[in-house]
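Colleague: Got a file for you: target.pdb, PDB, C-alpha atoms, pLDDT in the B column.
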MODEL        1
ATOM      1  CA  MET A 237     103.542 210.329 -26.464  1.00 91.00           C
ATOM      2  CA  LEU A 238     101.262 213.266 -27.219  1.00 94.00           C
ATOM      3  CA  LEU A 239     100.254 216.042 -24.806  1.00 96.00           C
ATOM      4  CA  GLN A 240      97.462 218.440 -25.730  1.00 96.00           C
ATOM      5  CA  GLY A 241      95.623 221.263 -24.021  1.00 97.00           C
ATOM      6  CA  GLY A 242      92.784 223.545 -24.956  1.00 97.00           C
ATOM      7  CA  SER A 243      90.654 226.429 -23.797  1.00 96.00           C
ATOM      8  CA  LEU A 244      86.922 226.293 -24.552  1.00 93.00           C
ATOM      9  CA  HIS A 245      84.756 229.415 -24.984  1.00 94.00           C
ATOM     10  CA  VAL A 246      81.306 230.262 -26.337  1.00 91.00           C
ATOM     11  CA  ALA A 247      81.292 232.419 -29.488  1.00 91.00           C
ATOM     12  CA  THR A 248      79.584 235.289 -27.637  1.00 91.00           C
ATOM     13  CA  THR A 249      78.145 235.639 -24.141  1.00 90.00           C
ATOM     14  CA  HIS A 250      74.682 235.427 -25.750  1.00 92.00           C
ATOM     15  CA  ASP A 251      75.430 232.024 -27.323  1.00 89.00           C
ATOM     16  CA  GLY A 252      74.580 228.701 -25.667  1.00 87.00           C
ATOM     17  CA  VAL A 253      76.623 225.590 -24.941  1.00 87.00           C
ATOM     18  CA  TYR A 254      75.907 222.692 -27.308  1.00 87.00           C
ATOM     19  CA  SER A 255      76.611 218.957 -27.428  1.00 82.00           C
ATOM     20  CA  GLY A 256      78.635 217.359 -30.204  1.00 83.00           C
ATOM     21  CA  ALA A 257      75.355 216.479 -31.936  1.00 90.00           C
ATOM     22  CA  GLY A 258      74.189 220.109 -31.838  1.00 88.00           C
ATOM     23  CA  ALA A 259      71.617 219.809 -29.034  1.00 89.00           C
ATOM     24  CA  SER A 260      71.487 222.706 -26.578  1.00 86.00           C
ATOM     25  CA  LEU A 261      73.009 221.786 -23.197  1.00 84.00           C
ATOM     26  CA  ILE A 262      72.912 225.218 -21.549  1.00 85.00           C
ATOM     27  CA  ALA A 263      70.861 228.067 -23.011  1.00 86.00           C
ATOM     28  CA  ALA A 264      72.078 231.625 -22.541  1.00 87.00           C
ATOM     29  CA  PRO A 265      70.047 233.701 -20.085  1.00 86.00           C
ATOM     30  CA  THR A 266      68.156 236.722 -21.426  1.00 88.00           C
ATOM     31  CA  GLY A 267      70.976 239.155 -20.644  1.00 89.00           C
ATOM     32  CA  GLY A 268      73.697 236.707 -21.678  1.00 88.00           C
ATOM     33  CA  PHE A 269      76.335 234.949 -19.606  1.00 88.00           C
ATOM     34  CA  LYS A 270      78.686 237.011 -17.441  1.00 89.00           C
ATOM     35  CA  ASN A 271      81.721 235.199 -18.884  1.00 89.00           C
ATOM     36  CA  ASP A 272      82.501 233.221 -22.073  1.00 91.00           C
ATOM     37  CA  ASP A 273      84.826 230.652 -20.399  1.00 93.00           C
ATOM     38  CA  ILE A 274      83.430 227.088 -20.674  1.00 92.00           C
ATOM     39  CA  GLY A 275      86.628 225.538 -19.316  1.00 93.00           C
ATOM     40  CA  SER A 276      90.000 224.015 -20.141  1.00 96.00           C
ATOM     41  CA  GLU A 277      91.084 220.544 -21.169  1.00 96.00           C
ATOM     42  CA  PHE A 278      94.242 218.471 -20.968  1.00 97.00           C
ATOM     43  CA  ASP A 279      94.904 215.187 -22.789  1.00 97.00           C
ATOM     44  CA  ALA A 280      97.843 212.784 -22.673  1.00 97.00           C
ATOM     45  CA  SER A 281      97.996 209.826 -25.059  1.00 97.00           C
ATOM     46  CA  ALA A 282     100.442 207.282 -26.378  1.00 97.00           C
ATOM     47  CA  LYS A 283     100.534 205.019 -29.433  1.00 95.00           C
ATOM     48  CA  TYR A 284     102.464 201.806 -29.962  1.00 94.00           C
ATOM     49  CA  VAL A 285     102.720 199.985 -33.315  1.00 92.00           C
ATOM     50  CA  TYR A 286     103.359 196.228 -33.372  1.00 89.00           C
ATOM     51  CA  HIS A 287     104.853 194.928 -36.654  1.00 84.00           C
ATOM     52  CA  LYS A 288     103.285 197.733 -38.812  1.00 83.00           C
ATOM     53  CA  SER A 289      99.760 196.296 -38.594  1.00 88.00           C
ATOM     54  CA  PHE A 290      98.522 196.247 -34.989  1.00 94.00           C
ATOM     55  CA  VAL A 291      98.262 199.634 -33.216  1.00 94.00           C
ATOM     56  CA  THR A 292      97.437 200.284 -29.558  1.00 95.00           C
ATOM     57  CA  ASN A 293      96.327 203.723 -28.344  1.00 95.00           C
ATOM     58  CA  ILE A 294      95.929 204.641 -24.681  1.00 97.00           C
ATOM     59  CA  GLY A 295      95.201 207.962 -23.060  1.00 97.00           C
ATOM     60  CA  VAL A 296      93.600 210.050 -20.369  1.00 98.00           C
ATOM     61  CA  GLY A 297      91.828 213.392 -20.584  1.00 97.00           C
ATOM     62  CA  HIS A 298      90.625 215.887 -17.987  1.00 97.00           C
ATOM     63  CA  PHE A 299      88.131 218.770 -18.209  1.00 94.00           C
ATOM     64  CA  PHE A 300      88.550 221.714 -15.842  1.00 94.00           C
ATOM     65  CA  PRO A 301      85.216 223.609 -15.722  1.00 93.00           C
ATOM     66  CA  GLY A 302      85.331 227.357 -16.280  1.00 91.00           C
ATOM     67  CA  GLU A 303      83.234 230.164 -14.867  1.00 88.00           C
ATOM     68  CA  LEU A 304      80.335 229.608 -17.270  1.00 88.00           C
ATOM     69  CA  MET A 305      79.966 225.935 -16.228  1.00 87.00           C
ATOM     70  CA  THR A 306      80.353 226.546 -12.490  1.00 86.00           C
ATOM     71  CA  SER A 307      77.870 229.446 -12.518  1.00 82.00           C
ATOM     72  CA  GLU A 308      75.281 227.157 -14.153  1.00 73.00           C
ATOM     73  CA  LYS A 309      75.779 224.420 -11.498  1.00 79.00           C
ATOM     74  CA  ARG A 310      77.414 222.107 -14.069  1.00 77.00           C
ATOM     75  CA  GLY A 311      80.932 222.600 -12.806  1.00 78.00           C
ATOM     76  CA  ALA A 312      81.973 219.030 -12.018  1.00 85.00           C
ATOM     77  CA  PRO A 313      85.444 218.191 -13.336  1.00 91.00           C
ATOM     78  CA  LEU A 314      85.526 215.186 -15.652  1.00 92.00           C
ATOM     79  CA  THR A 315      88.350 212.684 -16.197  1.00 96.00           C
ATOM     80  CA  TYR A 316      88.172 209.892 -18.758  1.00 95.00           C
ATOM     81  CA  ALA A 317      90.569 207.183 -19.847  1.00 97.00           C
ATOM     82  CA  TYR A 318      90.550 205.192 -23.056  1.00 96.00           C
ATOM     83  CA  LEU A 319      92.229 202.232 -24.701  1.00 97.00           C
ATOM     84  CA  GLY A 320      91.900 201.411 -28.393  1.00 96.00           C
ATOM     85  CA  PHE A 321      93.170 198.800 -30.810  1.00 96.00           C
ATOM     86  CA  THR A 322      93.468 199.092 -34.588  1.00 95.00           C
ATOM     87  CA  TYR A 323      94.449 196.458 -37.120  1.00 94.00           C
ATOM     88  CA  ARG A 324      95.772 197.985 -40.344  1.00 88.00           C
ATOM     89  CA  PHE A 325      95.955 196.081 -43.607  1.00 85.00           C
ATOM     90  CA  LYS A 326      96.701 196.937 -47.204  1.00 81.00           C
ATOM     91  CA  ILE A 327      94.864 195.794 -50.292  1.00 84.00           C
ATOM     92  CA  GLY A 328      97.154 196.030 -53.290  1.00 81.00           C
ATOM     93  CA  HIS A 329      96.941 195.342 -56.994  1.00 73.00           C
ATOM     94  CA  GLU A 330      99.582 193.096 -58.463  1.00 63.00           C
TER      95      GLU A 330
ENDMDL
END
What's the structure tokens form of this structure?
Modeller:
Amino acid sequence: MLLQGGSLHVATTHDGVYSGAGASLIAAPTGGFKNDDIGSEFDASAKYVYHKSFVTNIGVGHFFPGELMTSEKRGAPLTYAYLGFTYRFKIGHE
């Protein structure tokens, strides 16, 4: 089992908030944001390996919006769950 947490902030109060692809989600106002706090996150996940080759991952994550997100009317908390399967194999030279 793995538990993780994080605190998200903009680089400066004059910076914007960007998506993972680099597109601007929230542009900084002319005078800058009043606070640099985007929000906090918490993740819990678990991994189970069946016979060294089949792996199952399951988890849940939650985003707690910070002052920057709530002041821009984008302050909805977000919870997501995921389930993943991986088959591992080895190609060897004999």
Colleague: Can you list, as JSON, numbers by chain, every protein, DNA or RNA residue that comes within 12 Å of A:Ser307 when you count all atoms listed in the file, leaving out same-chain residues fewer than 6 positions away?
Modeller: {"A": [262, 264, 265, 269, 270, 271, 272, 273, 274, 275, 301]}
Colleague: Go ahead and write the selection's residues with C-alpha atoms as an mmCIF file, keeping the file's coordinate frame.
Modeller:
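Generated output (result.cif):
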data_model
loop_
_atom_site.group_PDB
_atom_site.id
_atom_site.type_symbol
_atom_site.label_atom_id
_atom_site.label_comp_id
_atom_site.auth_asym_id
_atom_site.auth_seq_id
_atom_site.Cartn_x
_atom_site.Cartn_y
_atom_site.Cartn_z
ATOM 1 C CA ILE A 262 72.912 225.218 -21.549
ATOM 2 C CA ALA A 264 72.078 231.625 -22.541
ATOM 3 C CA PRO A 265 70.047 233.701 -20.085
ATOM 4 C CA PHE A 269 76.335 234.949 -19.606
ATOM 5 C CA LYS A 270 78.686 237.011 -17.441
ATOM 6 C CA ASN A 271 81.721 235.199 -18.884
ATOM 7 C CA ASP A 272 82.501 233.221 -22.073
ATOM 8 C CA ASP A 273 84.826 230.652 -20.399
ATOM 9 C CA ILE A 274 83.430 227.088 -20.674
ATOM 10 C CA GLY A 275 86.628 225.538 -19.316
ATOM 11 C CA PRO A 301 85.216 223.609 -15.722
#
Colleague: Please enumerate the residues selected by the PyMOL selection byres ((chain A and resi 243) around 12) when evaluated against the supplied file, formatted as a ChimeraX atom specification.
Modeller: /A:240-242,244-246,272-278,299-302
Colleague: Using only C-alpha atoms, can you tell me which of A:Gly328, A:Gly258, A:Gly295, A:Pro313 comes closest to A:Ala280?
Modeller: A:Gly295
Colleague: Go through A:Lys326, A:Leu319, A:His250, A:Ala257 and flag the residue nearest A:Val291, using only C-alpha atoms for the distances.
Modeller: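 Using only C-alpha atoms, A:Val291 sits closest to A:Leu319.
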Colleague: Could you expand the PyMOL selection byres ((chain A and resi 286-288) around 10) into the explicit residues it covers here, written as a PDB file with C-alpha atoms, in the frame of the given file?
Modeller:
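Written out: out-v1.pdb:
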ATOM      1  CA  TYR A 284     102.464 201.806 -29.962  1.00 94.00           C
ATOM      2  CA  VAL A 285     102.720 199.985 -33.315  1.00 92.00           C
ATOM      3  CA  SER A 289      99.760 196.296 -38.594  1.00 88.00           C
ATOM      4  CA  PHE A 290      98.522 196.247 -34.989  1.00 94.00           C
ATOM      5  CA  VAL A 291      98.262 199.634 -33.216  1.00 94.00           C
ATOM      6  CA  THR A 292      97.437 200.284 -29.558  1.00 95.00           C
ATOM      7  CA  TYR A 323      94.449 196.458 -37.120  1.00 94.00           C
ATOM      8  CA  ARG A 324      95.772 197.985 -40.344  1.00 88.00           C
ATOM      9  CA  PHE A 325      95.955 196.081 -43.607  1.00 85.00           C
TER      10      PHE A 325
END
Colleague: Go through A:Ser281, A:Leu238, A:Arg310, A:Tyr316 one by one, measure the shortest atom-to-atom distance of each to A:His298 using all atoms listed in the file, and give the residue with the smallest value.
Modeller: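 When distances to A:His298 are compared using all atoms listed in the file, the smallest one comes from A:Tyr316.
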Colleague: Could you tell me how far atom CA of A:Glu303 lies from atom CA of A:Leu261, in Å and to one decimal?
Modeller: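 Value for the atom CA of A:Glu303-atom CA of A:Leu261 distance: 15.6 Å.
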Colleague: Figure out the distance between atom CA of A:Ala263 and atom CA of A:Glu308, please, to one decimal in Å.
Modeller: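 About the pair atom CA of A:Glu308 and atom CA of A:Ala263: they are 9.9 Å apart.
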Colleague: How many Å separate atom CA of A:Met237 from atom CA of A:Thr315?
Modeller: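 Pair atom CA of A:Met237 / atom CA of A:Thr315 returns 18.5 Å.
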Colleague: Using only C-alpha atoms, can you tell me which of A:Thr249, A:Thr322, A:Thr306, A:Asn293 comes closest to A:Thr266?
Modeller: A:Thr249
Colleague: Could you check which of A:Gly268, A:Met305, A:Ile294, A:Asp279 is closest to A:Ala247, using all atoms listed in the file?
Modeller: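 Closest candidate: A:Gly268.
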Colleague: Looking at only C-alpha atoms, which of A:Gly311, A:Gly320, A:Gly267, A:Gly256 is the one that sits closest to A:Lys283?
Modeller: A:Gly320
Colleague: Step by step, gather every atom of stretch 287-298 of chain A that the file lists, find the box along x, y and z that holds them, add 6 Å on each side, and finally give centre and edge lengths in Å to one decimal, as AutoDock Vina command-line options.
Modeller:
--center_x 97.7 --center_y 205.4 --center_z -28.4 --size_x 26.2 --size_y 33.0 --size_z 32.8
Colleague: Any chance you could model all heavy atoms for stretch 250-261 of chain A and send them as a PDB file, keeping the file's coordinate frame?
Modeller:
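Saved result, selection.pdb, follows:
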ATOM      1  N   HIS A 250      76.103 235.663 -25.483  1.00 92.00           N
ATOM      2  CA  HIS A 250      74.682 235.427 -25.750  1.00 92.00           C
ATOM      3  C   HIS A 250      74.452 234.096 -26.463  1.00 92.00           C
ATOM      4  O   HIS A 250      73.324 233.758 -26.811  1.00 92.00           O
ATOM      5  CB  HIS A 250      74.094 236.574 -26.578  1.00 92.00           C
ATOM      6  CG  HIS A 250      74.116 237.875 -25.847  1.00 92.00           C
ATOM      7  ND1 HIS A 250      73.221 238.185 -24.856  1.00 92.00           N
ATOM      8  CD2 HIS A 250      74.962 238.923 -25.925  1.00 92.00           C
ATOM      9  CE1 HIS A 250      73.484 239.378 -24.365  1.00 92.00           C
ATOM     10  NE2 HIS A 250      74.555 239.851 -25.005  1.00 92.00           N
ATOM     11  N   ASP A 251      75.522 233.341 -26.692  1.00 89.00           N
ATOM     12  CA  ASP A 251      75.430 232.024 -27.323  1.00 89.00           C
ATOM     13  C   ASP A 251      75.247 230.972 -26.238  1.00 89.00           C
ATOM     14  O   ASP A 251      75.552 231.198 -25.077  1.00 89.00           O
ATOM     15  CB  ASP A 251      76.717 231.750 -28.111  1.00 89.00           C
ATOM     16  CG  ASP A 251      76.582 230.587 -29.070  1.00 89.00           C
ATOM     17  OD1 ASP A 251      75.474 230.052 -29.213  1.00 89.00           O
ATOM     18  OD2 ASP A 251      77.599 230.216 -29.681  1.00 89.00           O
ATOM     19  N   GLY A 252      74.751 229.793 -26.618  1.00 87.00           N
ATOM     20  CA  GLY A 252      74.580 228.701 -25.667  1.00 87.00           C
ATOM     21  C   GLY A 252      75.728 227.716 -25.752  1.00 87.00           C
ATOM     22  O   GLY A 252      76.656 227.867 -26.532  1.00 87.00           O
ATOM     23  N   VAL A 253      75.658 226.682 -24.923  1.00 87.00           N
ATOM     24  CA  VAL A 253      76.623 225.590 -24.941  1.00 87.00           C
ATOM     25  C   VAL A 253      75.910 224.398 -25.557  1.00 87.00           C
ATOM     26  O   VAL A 253      74.800 224.048 -25.157  1.00 87.00           O
ATOM     27  CB  VAL A 253      77.121 225.252 -23.517  1.00 87.00           C
ATOM     28  CG1 VAL A 253      78.098 224.099 -23.552  1.00 87.00           C
ATOM     29  CG2 VAL A 253      77.762 226.480 -22.880  1.00 87.00           C
ATOM     30  N   TYR A 254      76.553 223.754 -26.547  1.00 87.00           N
ATOM     31  CA  TYR A 254      75.907 222.692 -27.308  1.00 87.00           C
ATOM     32  C   TYR A 254      76.684 221.388 -27.208  1.00 87.00           C
ATOM     33  O   TYR A 254      77.893 221.374 -27.011  1.00 87.00           O
ATOM     34  CB  TYR A 254      75.801 223.099 -28.782  1.00 87.00           C
ATOM     35  CG  TYR A 254      75.034 224.381 -28.975  1.00 87.00           C
ATOM     36  CD1 TYR A 254      75.686 225.604 -29.028  1.00 87.00           C
ATOM     37  CD2 TYR A 254      73.654 224.367 -29.071  1.00 87.00           C
ATOM     38  CE1 TYR A 254      74.985 226.789 -29.181  1.00 87.00           C
ATOM     39  CE2 TYR A 254      72.942 225.540 -29.227  1.00 87.00           C
ATOM     40  CZ  TYR A 254      73.607 226.751 -29.280  1.00 87.00           C
ATOM     41  OH  TYR A 254      72.906 227.908 -29.420  1.00 87.00           O
ATOM     42  N   SER A 255      75.973 220.273 -27.396  1.00 82.00           N
ATOM     43  CA  SER A 255      76.611 218.957 -27.428  1.00 82.00           C
ATOM     44  C   SER A 255      77.265 218.752 -28.789  1.00 82.00           C
ATOM     45  O   SER A 255      77.072 219.556 -29.708  1.00 82.00           O
ATOM     46  CB  SER A 255      75.569 217.864 -27.182  1.00 82.00           C
ATOM     47  OG  SER A 255      74.727 217.727 -28.322  1.00 82.00           O
ATOM     48  N   GLY A 256      78.008 217.674 -28.928  1.00 83.00           N
ATOM     49  CA  GLY A 256      78.635 217.359 -30.204  1.00 83.00           C
ATOM     50  C   GLY A 256      77.622 217.132 -31.310  1.00 83.00           C
ATOM     51  O   GLY A 256      77.908 217.350 -32.483  1.00 83.00           O
ATOM     52  N   ALA A 257      76.410 216.716 -30.951  1.00 90.00           N
ATOM     53  CA  ALA A 257      75.355 216.479 -31.936  1.00 90.00           C
ATOM     54  C   ALA A 257      74.565 217.749 -32.253  1.00 90.00           C
ATOM     55  O   ALA A 257      73.674 217.732 -33.098  1.00 90.00           O
ATOM     56  CB  ALA A 257      74.404 215.399 -31.427  1.00 90.00           C
ATOM     57  N   GLY A 258      74.854 218.845 -31.562  1.00 88.00           N
ATOM     58  CA  GLY A 258      74.189 220.109 -31.838  1.00 88.00           C
ATOM     59  C   GLY A 258      73.006 220.414 -30.927  1.00 88.00           C
ATOM     60  O   GLY A 258      72.358 221.439 -31.080  1.00 88.00           O
ATOM     61  N   ALA A 259      72.717 219.550 -29.965  1.00 89.00           N
ATOM     62  CA  ALA A 259      71.617 219.809 -29.034  1.00 89.00           C
ATOM     63  C   ALA A 259      72.072 220.825 -27.982  1.00 89.00           C
ATOM     64  O   ALA A 259      73.222 220.816 -27.548  1.00 89.00           O
ATOM     65  CB  ALA A 259      71.188 218.515 -28.348  1.00 89.00           C
ATOM     66  N   SER A 260      71.159 221.682 -27.567  1.00 86.00           N
ATOM     67  CA  SER A 260      71.487 222.706 -26.578  1.00 86.00           C
ATOM     68  C   SER A 260      71.634 222.079 -25.192  1.00 86.00           C
ATOM     69  O   SER A 260      70.731 221.412 -24.705  1.00 86.00           O
ATOM     70  CB  SER A 260      70.393 223.767 -26.554  1.00 86.00           C
ATOM     71  OG  SER A 260      70.686 224.750 -25.594  1.00 86.00           O
ATOM     72  N   LEU A 261      72.782 222.280 -24.559  1.00 84.00           N
ATOM     73  CA  LEU A 261      73.009 221.786 -23.197  1.00 84.00           C
ATOM     74  C   LEU A 261      72.702 222.863 -22.169  1.00 84.00           C
ATOM     75  O   LEU A 261      72.089 222.603 -21.150  1.00 84.00           O
ATOM     76  CB  LEU A 261      74.461 221.324 -23.026  1.00 84.00           C
ATOM     77  CG  LEU A 261      74.903 220.128 -23.853  1.00 84.00           C
ATOM     78  CD1 LEU A 261      76.384 219.854 -23.652  1.00 84.00           C
ATOM     79  CD2 LEU A 261      74.088 218.907 -23.483  1.00 84.00           C
TER      80      LEU A 261
END
